[in-house]
>>> print(open('entry_14.cif').read())   # mmCIF, C-alpha atoms
data_coords
#
loop_
_atom_site.label_atom_id
_atom_site.label_comp_id
_atom_site.auth_asym_id
_atom_site.auth_seq_id
_atom_site.Cartn_x
_atom_site.Cartn_y
_atom_site.Cartn_z
CA MET A 1 -33.54 4.07 27.19
CA GLU A 2 -32.57 3.41 23.62
CA VAL A 3 -29.08 3.92 22.35
CA GLU A 4 -27.94 3.03 18.88
CA LEU A 5 -26.53 -0.49 18.78
CA ILE A 6 -23.72 -0.78 16.28
CA ASP A 7 -23.59 -4.12 14.54
CA HIS A 8 -20.23 -5.89 14.80
CA PRO A 9 -20.51 -9.23 13.06
CA PHE A 10 -17.58 -11.60 13.47
CA ASN A 11 -17.88 -13.80 10.45
CA PRO A 12 -15.76 -16.85 9.63
CA SER A 13 -13.35 -14.75 7.59
CA TYR A 14 -12.64 -12.65 10.68
CA ILE A 15 -11.97 -15.79 12.70
CA ASP A 16 -9.62 -17.02 9.98
CA GLU A 17 -7.75 -13.72 10.17
CA LEU A 18 -7.34 -14.22 13.91
CA TYR A 19 -5.94 -17.70 13.46
CA ASP A 20 -3.58 -16.46 10.74
CA CYS A 21 -2.05 -13.89 13.08
CA SER A 22 1.54 -14.11 14.20
CA PHE A 23 3.05 -12.28 17.15
CA GLU A 24 6.47 -12.49 15.55
CA SER A 25 7.73 -9.18 14.17
CA ASP A 26 10.97 -7.59 13.05
CA SER A 27 11.90 -6.92 16.64
CA SER A 28 11.01 -9.10 19.61
CA PHE A 29 7.71 -8.63 21.35
CA GLN A 30 8.16 -5.70 23.71
CA THR A 31 6.24 -5.49 26.93
CA SER A 32 6.25 -1.72 26.58
CA ASP A 33 3.99 -2.04 23.52
CA LEU A 34 1.14 -2.74 25.87
CA PHE A 35 1.55 -0.01 28.45
CA THR A 36 3.45 2.90 26.97
CA PRO A 37 2.54 6.45 27.99
CA CYS A 38 0.74 6.98 24.70
CA THR A 39 -1.75 4.25 25.58
CA THR A 40 -2.25 3.75 29.31
CA SER A 41 -0.43 2.81 32.52
CA VAL A 42 -0.37 -0.65 34.07
CA ASP A 43 -3.04 0.33 36.56
CA ARG A 44 -5.42 1.12 33.67
CA ASN A 45 -5.38 4.90 34.03
CA LEU A 46 -8.23 5.44 31.59
CA ASP A 47 -9.96 8.69 30.80
CA HIS A 48 -12.07 8.48 33.96
CA GLU A 49 -13.60 11.92 33.60
CA CYS A 50 -15.21 10.99 30.29
CA LEU A 51 -16.27 7.56 31.48
CA ASP A 52 -17.70 8.99 34.70
CA ARG A 53 -19.68 11.53 32.69
CA LEU A 54 -21.09 8.73 30.53
CA GLN A 55 -22.12 6.77 33.59
CA GLN A 56 -23.73 9.82 35.25
CA ILE A 57 -25.82 10.56 32.17
CA GLU A 58 -26.87 6.92 31.87
CA ALA A 59 -27.88 6.89 35.55
CA GLN A 60 -29.92 10.06 35.16
CA LEU A 61 -31.68 8.66 32.10
CA MET A 62 -32.46 5.44 33.94
CA ASP A 63 -33.92 7.43 36.87
CA ILE A 64 -36.16 9.42 34.52
CA ASP A 65 -37.21 6.30 32.66
CA SER A 66 -37.95 4.52 35.94
CA SER A 67 -39.99 7.39 37.37
CA ILE A 68 -42.13 7.52 34.22
CA SER A 69 -42.81 3.79 34.11
CA GLU A 70 -43.61 3.52 37.84
CA SER A 71 -46.11 6.43 38.03
CA ASP A 72 -49.80 5.50 37.93
CA VAL A 73 -50.99 9.01 37.00
CA ILE A 74 -48.79 11.39 35.03
CA ASP A 75 -49.53 14.95 34.07
CA VAL A 76 -49.45 15.32 30.29
CA ASN A 77 -47.20 18.39 30.42
CA GLY A 78 -44.90 16.64 32.90
CA LEU A 79 -44.69 13.57 30.63
CA VAL A 80 -43.80 15.69 27.62
CA GLY A 81 -41.12 17.48 29.64
CA SER A 82 -39.66 14.21 30.87
CA VAL A 83 -39.57 12.76 27.39
CA HIS A 84 -37.87 15.93 26.14
CA VAL A 85 -35.18 15.61 28.84
CA LEU A 86 -34.81 11.92 28.02
CA THR A 87 -34.35 12.65 24.32
CA GLU A 88 -31.81 15.40 24.98
CA GLY A 89 -29.91 13.20 27.43
CA ASN A 90 -29.97 10.30 25.02
CA SER A 91 -28.55 12.47 22.29
CA LEU A 92 -25.86 13.86 24.61
CA LEU A 93 -24.89 10.34 25.68
CA LYS A 94 -24.47 9.30 22.04
CA GLU A 95 -22.39 12.39 21.38
CA ILE A 96 -20.04 11.75 24.31
CA GLN A 97 -19.79 8.06 23.41
CA ILE A 98 -18.80 8.82 19.84
CA GLU A 99 -16.25 11.42 20.95
CA TRP A 100 -14.74 9.09 23.55
CA LEU A 101 -14.58 6.14 21.12
CA GLU A 102 -12.77 8.29 18.55
CA GLU A 103 -10.18 9.63 21.01
CA SER A 104 -9.44 6.46 22.99
CA SER A 105 -6.40 4.29 22.47
CA LEU A 106 -6.55 0.59 21.68
CA THR A 107 -5.67 -0.39 25.25
CA GLU A 108 -8.24 2.00 26.72
CA LEU A 109 -10.91 0.51 24.48
CA LEU A 110 -10.04 -3.03 25.55
CA PHE A 111 -10.21 -2.20 29.27
CA ALA A 112 -13.38 -0.15 28.85
CA GLY A 113 -14.92 -3.05 26.93
CA ALA A 114 -14.13 -5.37 29.83
CA GLU A 115 -15.71 -2.94 32.30
CA ALA A 116 -18.82 -2.66 30.11
CA VAL A 117 -19.14 -6.46 29.97
CA GLU A 118 -18.73 -6.68 33.75
CA ALA A 119 -21.50 -4.08 34.18
CA GLN A 120 -23.60 -5.99 31.60
CA ASN A 121 -23.86 -2.79 29.58
CA TRP A 122 -24.22 -4.69 26.32
CA VAL A 123 -24.99 -1.62 24.21
CA PHE A 124 -21.81 0.20 25.21
CA ALA A 125 -19.80 -3.04 25.02
CA SER A 126 -21.15 -3.62 21.51
CA ASN A 127 -20.13 -0.13 20.41
CA ILE A 128 -16.61 -0.59 21.83
CA ILE A 129 -16.20 -3.96 20.13
CA ALA A 130 -17.35 -2.46 16.84
CA LYS A 131 -14.72 0.29 17.21
CA LEU A 132 -12.04 -2.29 18.04
CA ASN A 133 -13.11 -4.27 14.97
CA ILE A 134 -12.58 -1.20 12.78
CA LEU A 135 -9.21 -0.34 14.33
CA LEU A 136 -7.80 -3.86 14.25
CA LEU A 137 -8.97 -5.02 10.84
CA GLY A 138 -8.42 -1.71 9.06
CA SER A 139 -5.13 -0.79 10.70
CA GLU A 140 -1.91 -0.38 8.77
CA ASN A 141 -0.11 -1.75 11.83
CA GLY A 142 -1.11 -5.30 11.06
CA ASP A 143 2.38 -6.54 11.89
CA ASN A 144 2.40 -4.79 15.25
CA SER A 145 2.62 -7.41 18.00
CA PHE A 146 0.12 -5.81 20.33
CA HIS A 147 -2.45 -5.41 17.54
CA LYS A 148 -2.32 -9.15 16.98
CA LEU A 149 -2.72 -9.85 20.68
CA ALA A 150 -5.58 -7.33 20.90
CA MET A 151 -7.47 -9.09 18.10
CA PHE A 152 -7.84 -12.21 20.23
CA PHE A 153 -8.94 -10.23 23.29
CA SER A 154 -11.41 -8.22 21.23
CA GLN A 155 -12.96 -11.44 19.95
CA GLY A 156 -13.00 -12.77 23.52
CA LEU A 157 -15.06 -9.73 24.56
CA HIS A 158 -17.41 -10.40 21.67
CA TYR A 159 -18.01 -13.98 22.80
CA LYS A 160 -18.59 -12.72 26.35
CA THR A 161 -21.41 -10.40 25.31
CA SER A 162 -25.04 -11.44 25.38
CA ASN A 163 -26.26 -14.06 22.89
CA SER A 164 -22.84 -14.52 21.32
CA PRO A 165 -22.00 -17.89 19.77
CA GLN A 166 -19.61 -20.35 21.32
CA VAL A 167 -15.92 -20.12 20.54
CA PRO A 168 -15.10 -22.44 17.62
CA HIS A 169 -13.65 -25.45 19.40
CA LYS A 170 -10.04 -26.13 18.53
CA PRO A 171 -8.25 -28.25 21.13
CA ALA A 172 -4.96 -26.80 22.33
CA VAL A 173 -3.09 -29.92 21.32
CA SER A 174 -4.89 -32.41 19.11
CA ARG A 175 -3.55 -35.69 17.80
CA ASN A 176 -3.05 -34.68 14.19
CA THR A 177 0.50 -34.56 12.84
CA ASP A 178 0.79 -30.77 12.63
CA THR A 179 -0.35 -30.03 16.15
CA MET A 180 1.77 -32.79 17.63
CA SER A 181 4.65 -31.02 15.94
CA SER A 182 3.60 -27.84 17.78
CA PHE A 183 3.67 -29.75 21.06
CA GLN A 184 7.14 -31.11 20.32
CA MET A 185 8.45 -27.64 19.52
CA LEU A 186 6.97 -26.26 22.73
CA GLN A 187 8.62 -29.12 24.58
CA GLU A 188 12.05 -28.60 23.03
CA LEU A 189 12.29 -24.82 22.57
CA SER A 190 10.58 -23.54 25.72
CA PRO A 191 10.58 -24.78 29.34
CA TYR A 192 6.79 -24.86 29.87
CA VAL A 193 6.17 -28.57 29.30
CA LYS A 194 9.37 -29.88 30.90
CA PHE A 195 9.06 -27.62 33.94
CA ALA A 196 5.61 -29.05 34.71
CA HIS A 197 6.49 -32.68 33.97
CA PHE A 198 9.90 -32.86 35.65
CA THR A 199 8.80 -30.96 38.76
CA ALA A 200 5.79 -33.24 39.23
CA ASN A 201 7.78 -36.42 38.57
CA GLN A 202 10.52 -35.49 41.02
CA ALA A 203 7.93 -34.87 43.74
CA ILE A 204 6.33 -38.26 43.00
CA LEU A 205 9.70 -40.05 43.12
CA GLU A 206 10.60 -38.50 46.46
CA SER A 207 7.24 -39.28 48.06
CA THR A 208 7.28 -42.95 47.00
CA GLN A 209 10.85 -43.89 47.97
CA GLU A 210 9.62 -46.64 50.33
CA ASP A 211 6.77 -47.85 48.11
CA GLU A 212 6.80 -50.67 45.58
CA ASP A 213 3.21 -50.43 44.32
CA ILE A 214 2.36 -46.99 42.99
CA HIS A 215 -1.00 -45.97 41.56
CA VAL A 216 -1.00 -42.61 39.72
CA ILE A 217 -4.39 -41.13 38.84
CA ASP A 218 -3.97 -38.41 36.22
CA PHE A 219 -6.38 -35.54 35.61
CA ASP A 220 -5.55 -35.26 31.90
CA ILE A 221 -2.95 -37.64 30.51
CA MET A 222 -2.91 -36.12 26.99
CA GLU A 223 -0.17 -37.86 24.98
CA GLY A 224 1.30 -39.44 28.12
CA SER A 225 4.65 -37.75 27.50
CA GLN A 226 5.08 -37.04 31.22
CA TRP A 227 5.38 -40.67 32.27
CA PRO A 228 8.20 -42.46 30.36
CA SER A 229 10.89 -40.61 32.32
CA LEU A 230 9.20 -41.50 35.63
CA MET A 231 9.05 -45.16 34.62
CA VAL A 232 12.77 -45.15 33.82
CA ASP A 233 13.64 -43.51 37.16
CA LEU A 234 11.55 -46.04 39.08
CA ALA A 235 13.18 -48.93 37.24
CA MET A 236 16.68 -47.61 38.06
CA ARG A 237 16.25 -47.49 41.81
CA LYS A 238 19.25 -49.30 43.23
CA GLY A 239 19.06 -52.32 45.50
CA ARG A 240 15.33 -52.80 45.06
CA ARG A 241 13.02 -54.56 42.72
CA CYS A 242 11.30 -52.47 40.07
CA ALA A 243 8.31 -50.61 41.42
CA SER A 244 4.90 -51.50 40.07
CA LEU A 245 3.33 -48.45 38.45
CA ARG A 246 -0.34 -48.24 37.49
CA MET A 247 -1.66 -45.25 35.51
CA MET A 248 -5.24 -44.19 34.92
CA VAL A 249 -7.35 -41.17 34.02
CA ALA A 250 -10.41 -40.91 36.26
CA THR A 251 -13.82 -39.44 35.48
CA GLU A 252 -16.65 -38.76 37.94
CA GLU A 253 -18.13 -42.21 37.31
CA ASP A 254 -14.77 -43.93 37.89
CA PHE A 255 -14.05 -42.81 41.47
CA PRO A 256 -16.53 -45.12 43.25
CA LYS A 257 -15.07 -48.12 41.37
CA ILE A 258 -11.37 -47.41 42.06
CA GLU A 259 -9.70 -49.98 44.30
CA VAL A 260 -6.35 -48.89 45.70
CA ILE A 261 -5.68 -51.83 48.09
CA ASP A 262 -2.14 -51.21 49.45
CA ASP A 263 -0.99 -48.97 46.62
CA ALA A 264 0.58 -45.58 47.24
CA VAL A 265 -1.99 -43.38 45.52
CA ILE A 266 -0.76 -40.24 43.76
CA ALA A 267 -2.97 -37.56 42.19
CA ASN A 268 -1.47 -35.66 39.28
CA CYS A 269 -3.50 -32.58 38.31
CA MET A 270 -2.32 -30.15 35.63
CA ILE A 271 -4.78 -27.35 34.86
CA HIS A 272 -4.91 -24.88 31.95
CA GLN A 273 -1.37 -25.60 30.83
CA LEU A 274 -0.24 -24.05 27.55
CA HIS A 275 -0.10 -27.40 25.76
CA MET A 276 -3.42 -28.65 27.18
CA PRO A 277 -7.06 -27.74 26.48
CA ASN A 278 -8.92 -25.76 29.13
CA ARG A 279 -11.16 -27.89 31.33
CA SER A 280 -14.25 -26.63 33.15
CA ILE A 281 -13.78 -25.77 36.80
CA SER A 282 -16.59 -28.19 37.72
CA PHE A 283 -14.50 -31.00 36.20
CA VAL A 284 -11.49 -29.93 38.29
CA LYS A 285 -13.65 -29.80 41.42
CA THR A 286 -14.98 -33.31 40.73
CA PHE A 287 -11.46 -34.68 40.28
CA LEU A 288 -10.03 -33.13 43.44
CA GLY A 289 -13.11 -34.05 45.47
CA GLY A 290 -12.97 -37.65 44.24
CA MET A 291 -9.23 -37.89 44.91
CA SER A 292 -9.54 -36.58 48.47
CA LYS A 293 -11.86 -39.51 49.27
CA LEU A 294 -9.17 -41.97 48.11
CA SER A 295 -6.71 -40.58 50.70
CA PRO A 296 -3.80 -40.12 48.28
CA LYS A 297 -0.26 -39.98 49.60
CA LEU A 298 0.46 -36.94 47.44
CA ILE A 299 -1.45 -34.47 45.28
CA VAL A 300 0.60 -32.65 42.65
CA LEU A 301 -1.12 -29.53 41.37
CA VAL A 302 0.28 -27.49 38.46
CA GLN A 303 -1.75 -24.43 37.47
CA GLU A 304 -1.50 -21.66 34.94
CA GLU A 305 -0.95 -18.62 37.15
CA LEU A 306 -3.84 -16.78 35.51
CA PHE A 307 -6.32 -19.32 36.92
CA ASN A 308 -4.85 -19.53 40.41
CA PHE A 309 -7.26 -21.03 42.99
CA TYR A 310 -6.24 -18.39 45.53
CA LYS A 311 -7.07 -15.38 43.36
CA MET A 312 -10.04 -16.38 41.20
CA PRO A 313 -12.92 -16.30 43.75
CA SER A 314 -12.28 -12.63 44.63
CA MET A 315 -11.71 -11.36 41.09
CA PHE A 316 -14.23 -9.56 38.90
CA PHE A 317 -14.22 -9.74 35.12
CA ALA A 318 -12.49 -6.39 34.44
CA GLU A 319 -9.71 -7.26 36.89
CA PHE A 320 -9.32 -10.72 35.38
CA PHE A 321 -9.25 -9.23 31.86
CA SER A 322 -6.41 -6.90 32.87
CA GLU A 323 -4.50 -9.82 34.43
CA ALA A 324 -5.08 -11.92 31.30
CA LEU A 325 -3.75 -9.14 29.06
CA HIS A 326 -0.59 -8.89 31.17
CA HIS A 327 -0.26 -12.68 31.39
CA TYR A 328 -0.53 -13.38 27.66
CA ASN A 329 1.61 -10.36 26.85
CA ALA A 330 4.42 -11.93 28.90
CA LEU A 331 3.71 -15.36 27.43
CA CYS A 332 3.93 -14.03 23.86
CA ASP A 333 7.11 -12.16 24.70
CA SER A 334 8.68 -15.35 26.06
CA LEU A 335 7.73 -17.45 23.02
CA VAL A 336 9.04 -14.93 20.51
CA SER A 337 12.31 -14.72 22.47
CA SER A 338 12.57 -18.52 22.74
CA PHE A 339 12.09 -19.25 19.03
CA SER A 340 14.95 -18.23 16.76
CA ARG A 341 14.20 -17.06 13.22
CA GLU A 342 14.79 -20.53 11.82
CA TYR A 343 11.66 -21.63 13.73
CA LYS A 344 9.51 -18.75 12.48
CA MET A 345 6.96 -21.06 10.85
CA GLY A 346 6.83 -23.19 13.98
CA LEU A 347 6.06 -20.12 16.06
CA ARG A 348 3.24 -19.19 13.68
CA GLN A 349 1.86 -22.71 14.01
CA ILE A 350 1.87 -22.53 17.83
CA GLU A 351 0.18 -19.13 17.76
CA LYS A 352 -2.48 -20.40 15.37
CA GLU A 353 -3.18 -23.77 17.01
CA VAL A 354 -2.57 -22.97 20.67
CA LEU A 355 -2.18 -19.38 21.82
CA GLY A 356 -5.12 -17.71 20.08
CA VAL A 357 -7.57 -20.37 21.21
CA LYS A 358 -6.22 -20.21 24.79
CA ILE A 359 -6.89 -16.46 24.92
CA LEU A 360 -10.42 -16.80 23.51
CA GLU A 361 -11.26 -19.66 25.89
CA SER A 362 -9.79 -17.89 28.92
CA VAL A 363 -11.81 -14.71 28.38
CA ARG A 364 -15.02 -16.55 27.48
CA GLN A 365 -14.82 -19.03 30.36
CA PHE A 366 -14.26 -16.53 33.17
CA PRO A 367 -17.27 -16.87 35.50
CA CYS A 368 -18.91 -13.45 35.82
CA GLU A 369 -21.53 -14.63 38.33
CA LYS A 370 -20.44 -14.83 41.97
CA GLU A 371 -21.90 -18.33 42.32
CA GLU A 372 -19.73 -19.56 39.44
CA ARG A 373 -16.61 -17.96 40.91
CA MET A 374 -17.28 -19.76 44.17
CA LEU A 375 -16.61 -23.04 42.34
CA TRP A 376 -12.93 -22.05 42.42
CA GLU A 377 -13.16 -21.64 46.18
CA ASP A 378 -14.85 -25.05 46.34
CA CYS A 379 -11.87 -26.53 44.50
CA PHE A 380 -9.58 -25.20 47.17
CA ALA A 381 -11.97 -26.57 49.83
CA SER A 382 -11.51 -30.04 48.28
CA LEU A 383 -7.97 -29.93 49.71
CA LYS A 384 -9.26 -29.32 53.24
CA GLY A 385 -7.78 -32.53 54.63
CA PHE A 386 -4.35 -31.76 53.13
CA LYS A 387 -1.53 -29.32 53.70
CA SER A 388 0.85 -27.72 51.25
CA ILE A 389 4.52 -28.53 51.75
CA PRO A 390 7.62 -26.90 50.22
CA PHE A 391 9.53 -28.57 47.42
CA SER A 392 12.80 -30.30 48.23
CA SER A 393 16.08 -28.54 47.51
CA SER A 394 16.76 -31.23 44.88
CA ASN A 395 13.53 -30.43 43.06
CA VAL A 396 14.18 -26.68 43.18
CA SER A 397 17.75 -27.17 41.91
CA GLN A 398 16.51 -29.40 39.09
CA ALA A 399 13.94 -26.79 38.03
CA LYS A 400 16.53 -24.00 38.09
CA TYR A 401 18.98 -26.03 36.03
CA LEU A 402 16.30 -26.98 33.51
CA VAL A 403 15.16 -23.38 33.05
CA SER A 404 18.75 -22.16 32.69
CA LEU A 405 18.99 -24.17 29.46
CA PHE A 406 16.51 -21.79 27.79
CA HIS A 407 16.34 -18.05 27.27
CA ARG A 408 17.75 -16.02 30.16
CA GLY A 409 14.41 -14.23 30.63
CA TYR A 410 13.06 -17.40 32.30
CA TRP A 411 13.70 -18.01 35.98
CA VAL A 412 12.31 -20.03 38.90
CA GLN A 413 10.71 -18.67 42.04
CA HIS A 414 10.21 -20.78 45.18
CA GLU A 415 7.94 -18.97 47.59
CA LYS A 416 5.23 -19.96 50.09
CA GLY A 417 5.47 -23.61 49.07
CA ARG A 418 4.93 -22.82 45.38
CA LEU A 419 7.47 -23.40 42.62
CA SER A 420 6.84 -21.00 39.74
CA LEU A 421 8.16 -20.69 36.21
CA CYS A 422 8.51 -16.95 35.59
CA TRP A 423 9.20 -14.78 32.58
CA LYS A 424 10.99 -11.60 33.68
CA SER A 425 8.83 -10.24 36.54
CA ARG A 426 5.71 -12.37 35.99
CA PRO A 427 4.96 -15.95 37.15
CA LEU A 428 3.35 -17.91 34.30
CA THR A 429 2.75 -21.37 35.73
CA SER A 430 3.08 -22.66 39.30
CA ALA A 431 3.35 -26.05 40.98
CA CYS A 432 2.49 -27.05 44.53
CA ILE A 433 2.34 -30.36 46.39
CA TRP A 434 -0.12 -31.46 49.06
CA VAL A 435 0.07 -34.26 51.62
CA PRO A 436 -2.52 -35.49 54.16
CA LEU A 437 -2.68 -33.66 57.48
CA THR A 438 -0.89 -35.60 60.23
CA LYS A 439 -3.33 -37.26 62.55
#
>>> encode(input="entry_14.cif", output="structure tokens")
Amino acid sequence: MEVELIDHPFNPSYIDELYDCSFESDSSFQTSDLFTPCTTSVDRNLDHECLDRLQQIEAQLMDIDSSISESDVIDVNGLVGSVHVLTEGNSLLKEIQIEWLEESSLTELLFAGAEAVEAQNWVFASNIIAKLNILLLGSENGDNSFHKLAMFFSQGLHYKTSNSPQVPHKPAVSRNTDTMSSFQMLQELSPYVKFAHFTANQAILESTQEDEDIHVIDFDIMEGSQWPSLMVDLAMRKGRRCASLRMMVATEEDFPKIEVIDDAVIANCMIHQLHMPNRSISFVKTFLGGMSKLSPKLIVLVQEELFNFYKMPSMFFAEFFSEALHHYNALCDSLVSSFSREYKMGLRQIEKEVLGVKILESVRQFPCEKEERMLWEDCFASLKGFKSIPFSSSNVSQAKYLVSLFHRGYWVQHEKGRLSLCWKSRPLTSACIWVPLTK
């Protein structure tokens, strides 16, 4: 079956336009922009009748095509008739596609594009992406917050399609002066960084109260901004000598060489945080597997809620795409609300250097194959010899107090042993702590 493939080149100028986007507008980012009645409902109530009709026609055409190719002897008149039906069906499919593409809203196109990618229908996905390209780059609503968010997701779909190039690599937080400034603003004007660092440090302090030699193995130390406050707290412990603290970042080759002797070993693992680059799930699996063999006293795990170990193995791409759209919608809303107008340029910088790249990487890196998704389940299996425990009341109180210092839309949820930083009704990042099973 041949259907017209619409070219949708994403050239460097398009990428530059994405990075120049800002989610900041005259009014704050409204969640209703994404799911108003004029677009679609939260449960993706698309025009199913039209989509079902498209799928039925495609299935019929595939059956005809298959029957022709598999027959050893075909009557000439029958072949001509089949080809005639195929041509008519092909033309009808194009007609319905064009009509549906013209009438669909931006949100409907995004969700349909995700479903087409999941079904590996690259032709239909290509046509949808081309339509999104036209709507987003030619729209007069360039300052509309959702249009700016949709541009990143549209590009993510493009990179997910067959034979697409890799996402231009831009680390979430690099070491140049500008991006470090972005990190500092995130740290001071929003609770994301401090929630993760302070929650982890408090859990480490509480678990090592009787220990003098502490060995922390960090998954991704970045600038090391998490650790000065822990060092101060350890040094201020009353009536005891200063604890000895050793820090290291371990790779796969390092684990066999690590000697812990009598140290209290702590694993600190922060994954897909806003201020950190995304790491491959195989890297996470290697770290947790290597740490479990060292019998650590405590494993601190802080995850972006979108990439939760519990949910990922059972999710398909279209479902993940919907979750990602909700997740980053809430994230954008929180950032716009957290940054006052005097920090407008800082917000633009964070969007350019951090948020856009995070969206592109998240969509591109989602594992469509079942075998790849099982890696997430394997990560959870690495914690087999450990159990999750609830956070102390002191840690929960500290987190609540910290978050209260920022915009009132932020709050803390403590449920099922997980401590989550939430924006309005949606958890954005969650922490949990694991200890060895009692023998």
>>> closest_residue(input="entry_14.cif", among="A:Ile98, A:Leu325, A:Val260, A:Ile128", to="A:Ser295", atoms="all atoms listed in the file")
A:Val260
>>> residues_around(input="entry_14.cif", residues="A:Phe406", least_positions_apart="5", cutoff="9 Å", atoms="all atoms listed in the file", output="tab-separated table (two decimals) with C-alpha atoms, in the frame of the given file")
chain	number	residue	atom	x	y	z
A	189	LEU	CA	12.29	-24.82	22.57
A	190	SER	CA	10.58	-23.54	25.72
A	191	PRO	CA	10.58	-24.78	29.34
A	338	SER	CA	12.57	-18.52	22.74
>>> atom_distance(input="entry_14.cif", atom1="atom CA of A:Val117", atom2="atom CA of A:Ser334")
29.5 Å
>>> closest_residue(input="entry_14.cif", among="A:Cys422, A:Leu335, A:Met291, A:Met222", to="A:Pro256", atoms="only C-alpha atoms")
A:Met291
>>> resolve_selection(input="entry_14.cif", expression="the PyMOL selection byres ((chain A and resi 208) around 10)", output="PyMOL selection string")
chain A and resi 203-207+209-214+234+243+264-266+297-298
>>> atom_distance(input="entry_14.cif", atom1="atom CA of A:Glu361", atom2="atom CA of A:Asn278")
7.3 Å
>>> closest_residue(input="entry_14.cif", among="A:Ser314, A:Ser382, A:Ser105, A:Asn329", to="A:Gly289", atoms="only C-alpha atoms")
A:Ser382
>>> atom_distance(input="entry_14.cif", atom1="atom CA of A:Arg246", atom2="atom CA of A:Leu288")
18.9 Å
>>> closest_residue(input="entry_14.cif", among="A:Lys311, A:Lys400, A:His327, A:Lys358", to="A:Pro277", atoms="only C-alpha atoms")
A:Lys358
>>> residues_near_point(input="entry_14.cif", point="(-13.6, -20.7, 41.7)", cutoff="10 Å", atoms="only C-alpha atoms", output="VMD selection string")
chain A and resid 281 to 282 285 307 to 315 366 to 367 370 to 380
>>> closest_residue(input="entry_14.cif", among="A:Ile96, A:Ala200, A:Leu428, A:Ile134", to="A:Ser392", atoms="only C-alpha atoms")
A:Ala200
>>> resolve_selection(input="entry_14.cif", expression="the PyMOL selection byres ((chain A and resi 318) around 12)", output="count of residues only")
30
>>> closest_residue(input="entry_14.cif", among="A:Phe153, A:Trp434, A:Phe146, A:Tyr328", to="A:Ser292", atoms="all atoms listed in the file")
A:Trp434
>>> residues_around(input="entry_14.cif", residues="A:Gly356", least_positions_apart="4", cutoff="7 Å", atoms="all atoms listed in the file", output="MDAnalysis selection string")
chainID A and resid 19 152 351:352 360
>>> residues_around(input="entry_14.cif", residues="A:Val300", least_positions_apart="4", cutoff="12 Å", atoms="all atoms listed in the file", output="ChimeraX atom specification")
/A:196-205,207,216-219,265-271,288,291,296,383,386-391,418-419,430-435
>>> resolve_selection(input="entry_14.cif", expression="the PyMOL selection byres ((chain A and resi 186) around 12)", output="NGL selection string")
:A and (172-173 or 179-185 or 187-195 or 273-276 or 334-336 or 338-339 or 343 or 346-347 or 349-351 or 353-355 or 406)
>>> axis_aligned_box(input="entry_14.cif", around="stretch 384-401 of chain A", padding_each_side="3 Å", output="JSON")
{"center_x": 4.9, "center_y": -28.3, "center_z": 45.3, "size_x": 34.2, "size_y": 14.5, "size_z": 24.6}
>>> build_atoms(input="entry_14.cif", residues="stretch 210-218 of chain A", atoms="N, CA, C and O atoms", output="PDB file, in the frame of the given file")
ATOM      1  N   GLU A 210       9.782 -45.389  49.579  1.00  0.00           N
ATOM      2  CA  GLU A 210       9.620 -46.640  50.330  1.00  0.00           C
ATOM      3  C   GLU A 210       8.500 -47.515  49.764  1.00  0.00           C
ATOM      4  O   GLU A 210       8.172 -48.533  50.360  1.00  0.00           O
ATOM      5  N   ASP A 211       7.920 -47.124  48.653  1.00  0.00           N
ATOM      6  CA  ASP A 211       6.770 -47.850  48.110  1.00  0.00           C
ATOM      7  C   ASP A 211       7.149 -48.658  46.877  1.00  0.00           C
ATOM      8  O   ASP A 211       7.962 -48.224  46.059  1.00  0.00           O
ATOM      9  N   GLU A 212       6.546 -49.824  46.748  1.00  0.00           N
ATOM     10  CA  GLU A 212       6.800 -50.670  45.580  1.00  0.00           C
ATOM     11  C   GLU A 212       5.600 -50.712  44.637  1.00  0.00           C
ATOM     12  O   GLU A 212       5.761 -50.984  43.450  1.00  0.00           O
ATOM     13  N   ASP A 213       4.421 -50.451  45.158  1.00  0.00           N
ATOM     14  CA  ASP A 213       3.210 -50.430  44.320  1.00  0.00           C
ATOM     15  C   ASP A 213       2.657 -49.018  44.298  1.00  0.00           C
ATOM     16  O   ASP A 213       2.170 -48.503  45.309  1.00  0.00           O
ATOM     17  N   ILE A 214       2.743 -48.399  43.138  1.00  0.00           N
ATOM     18  CA  ILE A 214       2.360 -46.990  42.990  1.00  0.00           C
ATOM     19  C   ILE A 214       1.207 -46.879  42.008  1.00  0.00           C
ATOM     20  O   ILE A 214       1.242 -47.464  40.920  1.00  0.00           O
ATOM     21  N   HIS A 215       0.193 -46.139  42.393  1.00  0.00           N
ATOM     22  CA  HIS A 215      -1.000 -45.970  41.560  1.00  0.00           C
ATOM     23  C   HIS A 215      -1.180 -44.465  41.300  1.00  0.00           C
ATOM     24  O   HIS A 215      -1.577 -43.718  42.188  1.00  0.00           O
ATOM     25  N   VAL A 216      -0.862 -44.028  40.079  1.00  0.00           N
ATOM     26  CA  VAL A 216      -1.000 -42.610  39.720  1.00  0.00           C
ATOM     27  C   VAL A 216      -2.324 -42.412  38.993  1.00  0.00           C
ATOM     28  O   VAL A 216      -2.616 -43.080  37.995  1.00  0.00           O
ATOM     29  N   ILE A 217      -3.126 -41.493  39.491  1.00  0.00           N
ATOM     30  CA  ILE A 217      -4.390 -41.130  38.840  1.00  0.00           C
ATOM     31  C   ILE A 217      -4.206 -39.736  38.249  1.00  0.00           C
ATOM     32  O   ILE A 217      -3.950 -38.766  38.975  1.00  0.00           O
ATOM     33  N   ASP A 218      -4.304 -39.642  36.939  1.00  0.00           N
ATOM     34  CA  ASP A 218      -3.970 -38.410  36.220  1.00  0.00           C
ATOM     35  C   ASP A 218      -5.246 -37.674  35.817  1.00  0.00           C
ATOM     36  O   ASP A 218      -6.210 -38.284  35.353  1.00  0.00           O
TER      37      ASP A 218
END
